[in-house]
>>> print(open('input_10.cif').read())   # mmCIF, C-alpha atoms
data_structure
loop_
_atom_site.label_atom_id
_atom_site.label_comp_id
_atom_site.auth_asym_id
_atom_site.auth_seq_id
_atom_site.Cartn_x
_atom_site.Cartn_y
_atom_site.Cartn_z
CA MET O 1 -129.76 -231.14 89.34
CA LEU O 2 -131.40 -229.24 86.48
CA ALA O 3 -129.31 -226.27 85.36
CA LEU O 4 -131.90 -223.61 84.62
CA ALA O 5 -133.59 -226.12 82.33
CA ALA O 6 -136.24 -223.73 81.08
CA LEU O 7 -133.81 -220.87 80.54
CA LEU O 8 -131.71 -223.07 78.29
CA LEU O 9 -134.43 -222.62 75.70
CA LEU O 10 -133.69 -218.89 75.59
CA ALA O 11 -130.10 -218.47 76.66
CA THR O 12 -127.27 -217.86 74.24
CA GLY O 13 -124.54 -217.94 76.87
CA PRO O 14 -123.47 -220.22 79.74
CA VAL O 15 -126.09 -221.00 82.38
CA SER O 16 -125.49 -222.10 85.95
CA ALA O 17 -126.85 -224.91 88.10
CA ALA O 18 -127.05 -222.59 91.12
CA LEU O 19 -130.41 -221.28 89.99
CA GLU O 20 -132.91 -223.75 88.66
CA SER O 21 -136.12 -223.43 86.71
CA PRO O 22 -138.72 -226.18 86.21
CA ALA O 23 -139.20 -227.07 82.57
CA ALA O 24 -142.96 -226.66 82.93
CA ASP O 25 -142.55 -222.96 83.84
CA PRO O 26 -140.10 -221.42 81.34
CA ALA O 27 -138.77 -217.91 81.41
CA GLN O 28 -140.95 -215.30 79.75
CA LEU O 29 -139.84 -212.02 78.17
CA ALA O 30 -141.96 -209.57 76.21
CA LEU O 31 -141.63 -206.09 74.76
CA VAL O 32 -144.46 -203.63 74.32
CA ARG O 33 -144.31 -200.40 72.37
CA ARG O 34 -146.62 -197.68 73.64
CA SER O 35 -147.03 -193.98 73.01
CA GLU O 36 -144.91 -193.33 76.14
CA GLY O 37 -141.96 -195.41 74.96
CA LEU O 38 -140.64 -198.98 74.95
CA PHE O 39 -141.24 -201.28 77.91
CA LEU O 40 -140.01 -204.74 78.93
CA SER O 41 -141.71 -207.25 81.21
CA ALA O 42 -140.02 -210.50 82.19
CA ARG O 43 -140.34 -213.47 84.49
CA LEU O 44 -137.35 -215.71 85.15
CA PRO O 45 -138.62 -218.49 87.46
CA LEU O 46 -135.70 -219.03 89.82
CA GLU O 47 -134.81 -221.59 92.45
CA ILE O 48 -131.62 -221.61 94.44
CA SER O 49 -129.37 -224.53 95.29
CA PRO O 50 -128.71 -225.53 98.92
CA THR O 51 -125.09 -224.43 98.52
CA VAL O 52 -126.00 -220.90 97.51
CA GLU O 53 -128.74 -220.72 100.15
CA GLU O 54 -126.18 -221.62 102.80
CA VAL O 55 -123.96 -218.74 101.64
CA LEU O 56 -126.93 -216.36 101.84
CA ARG O 57 -127.83 -217.53 105.34
CA LYS O 58 -124.29 -216.73 106.44
CA GLY O 59 -124.91 -213.08 105.62
CA VAL O 60 -123.47 -212.84 102.11
CA PRO O 61 -125.89 -211.02 99.77
CA LEU O 62 -126.30 -211.77 96.08
CA HIS O 63 -126.58 -209.12 93.37
CA PHE O 64 -128.51 -209.82 90.16
CA LEU O 65 -127.80 -207.51 87.25
CA TRP O 66 -130.41 -206.79 84.58
CA LYS O 67 -129.30 -205.02 81.39
CA ALA O 68 -131.06 -204.08 78.17
CA ASP O 69 -129.58 -202.36 75.12
CA LEU O 70 -131.75 -200.93 72.36
CA ILE O 71 -129.84 -201.41 69.10
CA GLN O 72 -130.59 -199.95 65.68
CA SER O 73 -129.31 -201.87 62.66
CA ARG O 74 -127.45 -199.79 60.05
CA TRP O 75 -126.45 -201.38 56.75
CA TYR O 76 -124.04 -198.56 55.94
CA TRP O 77 -122.18 -198.53 59.26
CA LEU O 78 -121.85 -200.26 62.62
CA ASP O 79 -125.08 -200.83 64.54
CA LYS O 80 -126.02 -197.94 66.82
CA THR O 81 -126.83 -198.25 70.53
CA VAL O 82 -129.89 -196.06 70.93
CA ALA O 83 -130.34 -196.63 74.67
CA SER O 84 -128.82 -198.70 77.45
CA VAL O 85 -130.44 -199.31 80.84
CA ALA O 86 -129.55 -201.44 83.84
CA ARG O 87 -130.98 -202.37 87.22
CA THR O 88 -129.50 -204.23 90.18
CA VAL O 89 -131.47 -206.46 92.56
CA ARG O 90 -129.81 -207.28 95.87
CA LEU O 91 -130.95 -210.38 97.77
CA ALA O 92 -130.01 -210.70 101.45
CA TYR O 93 -131.05 -212.74 104.46
CA GLN O 94 -131.85 -211.06 107.79
CA PRO O 95 -131.02 -213.49 110.60
CA LEU O 96 -132.72 -211.49 113.37
CA THR O 97 -136.10 -211.45 111.65
CA ARG O 98 -135.53 -214.61 109.58
CA ARG O 99 -136.81 -212.78 106.55
CA TRP O 100 -135.47 -212.22 103.06
CA ARG O 101 -134.92 -208.71 101.72
CA LEU O 102 -134.79 -207.47 98.16
CA SER O 103 -133.35 -204.05 97.38
CA TYR O 104 -133.64 -202.41 93.95
CA ALA O 105 -131.42 -199.81 92.30
CA SER O 106 -131.12 -198.33 88.84
CA GLY O 107 -127.75 -198.80 87.19
CA THR O 108 -124.77 -201.05 87.80
CA PRO O 109 -122.44 -201.14 90.81
CA GLY O 110 -119.67 -198.57 90.54
CA ALA O 111 -117.03 -196.85 92.61
CA ALA O 112 -119.65 -194.63 94.28
CA GLY O 113 -121.92 -197.57 95.06
CA LEU O 114 -125.61 -197.94 94.36
CA GLN O 115 -128.52 -196.00 95.81
CA TYR O 116 -131.29 -198.50 96.54
CA GLY O 117 -134.64 -196.77 96.30
CA LEU O 118 -137.03 -199.65 96.95
CA HIS O 119 -136.95 -202.48 99.50
CA GLN O 120 -139.21 -205.49 99.91
CA ASN O 121 -139.28 -208.10 102.68
CA PHE O 122 -140.41 -211.71 102.26
CA ASP O 123 -141.15 -214.53 104.67
CA SER O 124 -139.78 -217.19 102.32
CA LEU O 125 -136.83 -217.50 99.98
CA ALA O 126 -139.14 -218.82 97.25
CA ASP O 127 -141.20 -215.61 97.29
CA ALA O 128 -138.08 -213.45 97.28
CA LEU O 129 -136.68 -215.29 94.27
CA LEU O 130 -140.00 -214.98 92.47
CA SER O 131 -139.80 -211.20 92.75
CA ALA O 132 -136.06 -211.09 92.04
CA GLY O 133 -136.72 -212.74 88.68
CA HIS O 134 -139.68 -210.56 87.73
CA VAL O 135 -139.81 -207.09 86.23
CA SER O 136 -142.97 -205.32 85.12
CA ASN O 137 -143.14 -202.39 82.69
CA TRP O 138 -139.43 -201.59 82.82
CA LYS O 139 -139.04 -198.49 80.65
CA LEU O 140 -136.14 -198.92 78.25
CA ILE O 141 -136.49 -195.57 76.51
CA ASP O 142 -138.86 -192.61 76.62
CA ALA O 143 -140.81 -191.76 73.49
CA ALA O 144 -139.59 -188.16 73.65
CA ARG O 145 -136.05 -189.21 72.72
CA TRP O 146 -136.84 -192.19 70.49
CA SER O 147 -138.01 -192.11 66.92
CA GLY O 148 -138.51 -195.87 66.71
CA ALA O 149 -137.64 -195.77 63.01
CA GLY O 150 -135.70 -198.50 61.21
CA GLU O 151 -134.92 -202.06 62.20
CA GLN O 152 -134.31 -202.23 65.95
CA ARG O 153 -133.80 -204.92 68.55
CA VAL O 154 -133.25 -205.25 72.29
CA GLU O 155 -130.31 -207.25 73.59
CA PHE O 156 -131.25 -208.42 77.07
CA SER O 157 -129.05 -210.02 79.73
CA PHE O 158 -129.50 -211.24 83.29
CA ALA O 159 -126.60 -212.39 85.46
CA LEU O 160 -125.38 -212.95 88.99
CA ASP O 161 -122.69 -210.31 89.56
CA LEU O 162 -119.79 -212.23 91.09
CA THR O 163 -117.73 -209.07 91.45
CA GLN O 164 -120.02 -207.97 94.29
CA LEU O 165 -119.22 -211.03 96.41
CA PRO O 166 -116.61 -210.65 99.17
CA ARG O 167 -113.11 -211.14 97.85
CA PRO O 168 -112.55 -214.55 99.53
CA PHE O 169 -115.67 -215.90 97.81
CA GLN O 170 -114.59 -214.63 94.40
CA LEU O 171 -111.39 -216.66 94.37
CA GLY O 172 -112.09 -219.83 92.47
CA LEU O 173 -115.80 -219.19 91.86
CA PHE O 174 -115.35 -218.17 88.25
CA ASN O 175 -114.44 -221.74 87.37
CA GLN O 176 -117.45 -223.22 89.16
CA SER O 177 -120.44 -223.60 86.86
CA SER O 178 -122.89 -223.40 89.77
CA TRP O 179 -122.00 -219.71 90.18
CA ASN O 180 -121.83 -218.74 86.50
CA ILE O 181 -125.45 -217.63 86.17
CA SER O 182 -126.33 -215.76 82.98
CA LEU O 183 -129.10 -215.44 80.45
CA GLN O 184 -128.93 -213.57 77.13
CA LYS O 185 -131.75 -212.99 74.70
CA THR O 186 -132.38 -210.83 71.63
CA LEU O 187 -135.90 -209.44 71.22
CA ASP O 188 -137.36 -207.75 68.15
CA VAL O 189 -138.91 -204.33 68.73
CA PRO O 190 -142.62 -204.36 67.80
CA ASP O 191 -143.54 -202.34 64.72
CA GLN O 192 -146.92 -201.28 66.06
CA ILE O 193 -147.89 -199.23 69.09
CA SER O 194 -149.99 -201.20 71.56
CA ASN O 195 -152.69 -199.99 73.92
CA GLU O 196 -151.96 -202.79 76.38
CA ALA O 197 -150.84 -201.64 79.82
CA GLU O 198 -148.33 -204.53 80.01
CA PRO O 199 -147.10 -207.37 77.79
CA ALA O 200 -149.00 -210.58 78.47
CA LEU O 201 -146.97 -212.95 80.64
CA PRO O 202 -148.72 -216.18 81.75
CA ASP O 203 -149.83 -216.01 85.39
CA SER O 204 -147.96 -212.72 85.86
CA ARG O 205 -148.42 -210.81 89.08
CA SER O 206 -148.79 -207.04 89.06
CA GLU O 207 -146.13 -205.21 91.07
CA ASP O 208 -144.45 -201.84 91.03
CA ASP O 209 -141.23 -201.67 89.08
CA ALA O 210 -138.08 -200.58 90.82
#
>>> encode(input="input_10.cif", output="structure tokens")
Amino acid sequence: MLALAALLLLATGPVSAALESPAADPAQLALVRRSEGLFLSARLPLEISPTVEEVLRKGVPLHFLWKADLIQSRWYWLDKTVASVARTVRLAYQPLTRRWRLSYASGTPGAAGLQYGLHQNFDSLADALLSAGHVSNWKLIDAARWSGAGEQRVEFSFALDLTQLPRPFQLGLFNQSSWNISLQKTLDVPDQISNEAEPALPDSRSEDDA
């Protein structure tokens, strides 16, 4: 089984075999700097293994965590985190309707839980995974609170949040590579402001961001 073969080209951390990506369709990430701020678009072409699909069909949802940190390099001191954003995508199977449901929330799971503000239903797991691995025009920082001066970069990460699995599932999973799904990538912030509505991603579909 290919272990996220395409994502291996971009990842700097461990990658799992639970989600696969055909080598002909690699992950795509792009930043665009506009007058409104800094935006990220990404496509992580995902497939799921039969083992993980079986867990989903038994009613156990998966939570995918997206994070992006805007970092400013400082030669005279430690690098400064200018902004930090996160989003959680919850994937669940609905046995009664035999449909797949994605729920989106800003932020990371905490003690108070997440407030999911957008939900999408899909007839197939493949379509649900396509949307789960796609973000369009995700605003990382607003121009009103960002000077954009100096050398800056975005440290991006995508991971399956094992801490959100039921406790019995968590025991022993951390040592199983098929569940250790993560992707890390550093992106340079563009120097110039672009008039493009969205970074160009091959064959990208337009959809509302969560």
>>> atom_distance(input="input_10.cif", atom1="CA of Leu31 in chain O", atom2="CA of Glu47 in chain O")
24.5 Å
>>> residues_around(input="input_10.cif", residues="Trp100 in chain O", least_positions_apart="3", cutoff="10 Å", atoms="all atoms listed in the file", output="mmCIF file with C-alpha atoms, in the frame of the given file")
data_model
loop_
_atom_site.group_PDB
_atom_site.id
_atom_site.type_symbol
_atom_site.label_atom_id
_atom_site.label_comp_id
_atom_site.auth_asym_id
_atom_site.auth_seq_id
_atom_site.Cartn_x
_atom_site.Cartn_y
_atom_site.Cartn_z
ATOM 1 C CA LEU O 56 -126.930 -216.360 101.840
ATOM 2 C CA ARG O 57 -127.830 -217.530 105.340
ATOM 3 C CA LEU O 91 -130.950 -210.380 97.770
ATOM 4 C CA ALA O 92 -130.010 -210.700 101.450
ATOM 5 C CA TYR O 93 -131.050 -212.740 104.460
ATOM 6 C CA GLN O 94 -131.850 -211.060 107.790
ATOM 7 C CA PRO O 95 -131.020 -213.490 110.600
ATOM 8 C CA THR O 97 -136.100 -211.450 111.650
ATOM 9 C CA GLN O 120 -139.210 -205.490 99.910
ATOM 10 C CA ASN O 121 -139.280 -208.100 102.680
ATOM 11 C CA PHE O 122 -140.410 -211.710 102.260
ATOM 12 C CA ASP O 123 -141.150 -214.530 104.670
ATOM 13 C CA SER O 124 -139.780 -217.190 102.320
ATOM 14 C CA LEU O 125 -136.830 -217.500 99.980
ATOM 15 C CA ALA O 126 -139.140 -218.820 97.250
ATOM 16 C CA ASP O 127 -141.200 -215.610 97.290
ATOM 17 C CA ALA O 128 -138.080 -213.450 97.280
ATOM 18 C CA LEU O 129 -136.680 -215.290 94.270
#
>>> closest_residue(input="input_10.cif", among="O:Leu96, O:Asp161, O:Asp191, O:Leu29", to="Ser147 in chain O", atoms="all atoms listed in the file")
O:Asp191
>>> closest_residue(input="input_10.cif", among="O:Ala86, O:Leu160, O:Val189, O:Ala105", to="Leu38 in chain O", atoms="all atoms listed in the file")
O:Val189
>>> residues_around(input="input_10.cif", residues="Thr108 in chain O", least_positions_apart="6", cutoff="9 Å", atoms="all atoms listed in the file", output="list in words")
Leu65, Trp66, Lys67, Ala86, Arg87, Thr88 and Leu114 of chain O
>>> atom_distance(input="input_10.cif", atom1="CA of Arg90 in chain O", atom2="CA of Glu53 in chain O")
14.1 Å
>>> resolve_selection(input="input_10.cif", expression="the PyMOL selection byres ((chain O and resi 71-85) around 9)", output="list in words")
Trp66, Lys67, Ala68, Asp69, Leu70, Ala86, Arg87, Ser106, Gly107, Lys139, Leu140, Ile141, Trp146, Gly148, Ala149, Gly150, Glu151, Gln152, Arg153, Val154 and Glu155 of chain O
>>> atom_distance(input="input_10.cif", atom1="CA of Leu162 in chain O", atom2="CA of His63 in chain O")
7.8 Å
>>> residues_near_point(input="input_10.cif", point="(-135.0, -198.8, 99.5)", cutoff="7 Å", atoms="all atoms listed in the file", output="list of chain:residue names")
O:Ser103, O:Tyr104, O:Tyr116, O:Gly117, O:Leu118, O:His119
>>> write_last_selection(input="input_10.cif", atoms="C-alpha atoms", output="PDB file, in the coordinates of the input")
ATOM      1  CA  SER O 103    -133.350-204.050  97.380  1.00  0.00           C
ATOM      2  CA  TYR O 104    -133.640-202.410  93.950  1.00  0.00           C
ATOM      3  CA  TYR O 116    -131.290-198.500  96.540  1.00  0.00           C
ATOM      4  CA  GLY O 117    -134.640-196.770  96.300  1.00  0.00           C
ATOM      5  CA  LEU O 118    -137.030-199.650  96.950  1.00  0.00           C
ATOM      6  CA  HIS O 119    -136.950-202.480  99.500  1.00  0.00           C
TER       7      HIS O 119
END
>>> resolve_selection(input="input_10.cif", expression="the PyMOL selection byres ((chain O and resi 37) around 7)", output="list in words")
Arg33, Arg34, Ser35, Glu36, Leu38, Phe39, Ile141, Asp142 and Ala143 of chain O
>>> write_last_selection(input="input_10.cif", atoms="C-alpha atoms", output="CSV table (one decimal), keeping the file's coordinate frame")
chain,number,residue,atom,x,y,z
O,33,ARG,CA,-144.3,-200.4,72.4
O,34,ARG,CA,-146.6,-197.7,73.6
O,35,SER,CA,-147.0,-194.0,73.0
O,36,GLU,CA,-144.9,-193.3,76.1
O,38,LEU,CA,-140.6,-199.0,75.0
O,39,PHE,CA,-141.2,-201.3,77.9
O,141,ILE,CA,-136.5,-195.6,76.5
O,142,ASP,CA,-138.9,-192.6,76.6
O,143,ALA,CA,-140.8,-191.8,73.5
>>> resolve_selection(input="input_10.cif", expression="the PyMOL selection byres ((chain O and resi 164) around 9)", output="compact mmCIF listing (two decimals) with C-alpha atoms, in the coordinates of the input")
# COMPACT_ATOMS: atom_id res chain seq x y z
CA PRO O 61 -125.89 -211.02 99.77
CA LEU O 62 -126.30 -211.77 96.08
CA HIS O 63 -126.58 -209.12 93.37
CA PRO O 109 -122.44 -201.14 90.81
CA ASP O 161 -122.69 -210.31 89.56
CA LEU O 162 -119.79 -212.23 91.09
CA THR O 163 -117.73 -209.07 91.45
CA LEU O 165 -119.22 -211.03 96.41
CA PRO O 166 -116.61 -210.65 99.17
CA ARG O 167 -113.11 -211.14 97.85
CA GLN O 170 -114.59 -214.63 94.40
>>> axis_aligned_box(input="input_10.cif", around="range 76-87 of chain O", padding_each_side="5 Å", output="JSON")
{"center_x": -126.4, "center_y": -199.2, "center_z": 71.6, "size_x": 19.1, "size_y": 16.3, "size_z": 41.3}
>>> closest_residue(input="input_10.cif", among="O:Arg43, O:Lys185, O:Arg99, O:Lys58", to="His134 in chain O", atoms="only C-alpha atoms")
O:Arg43
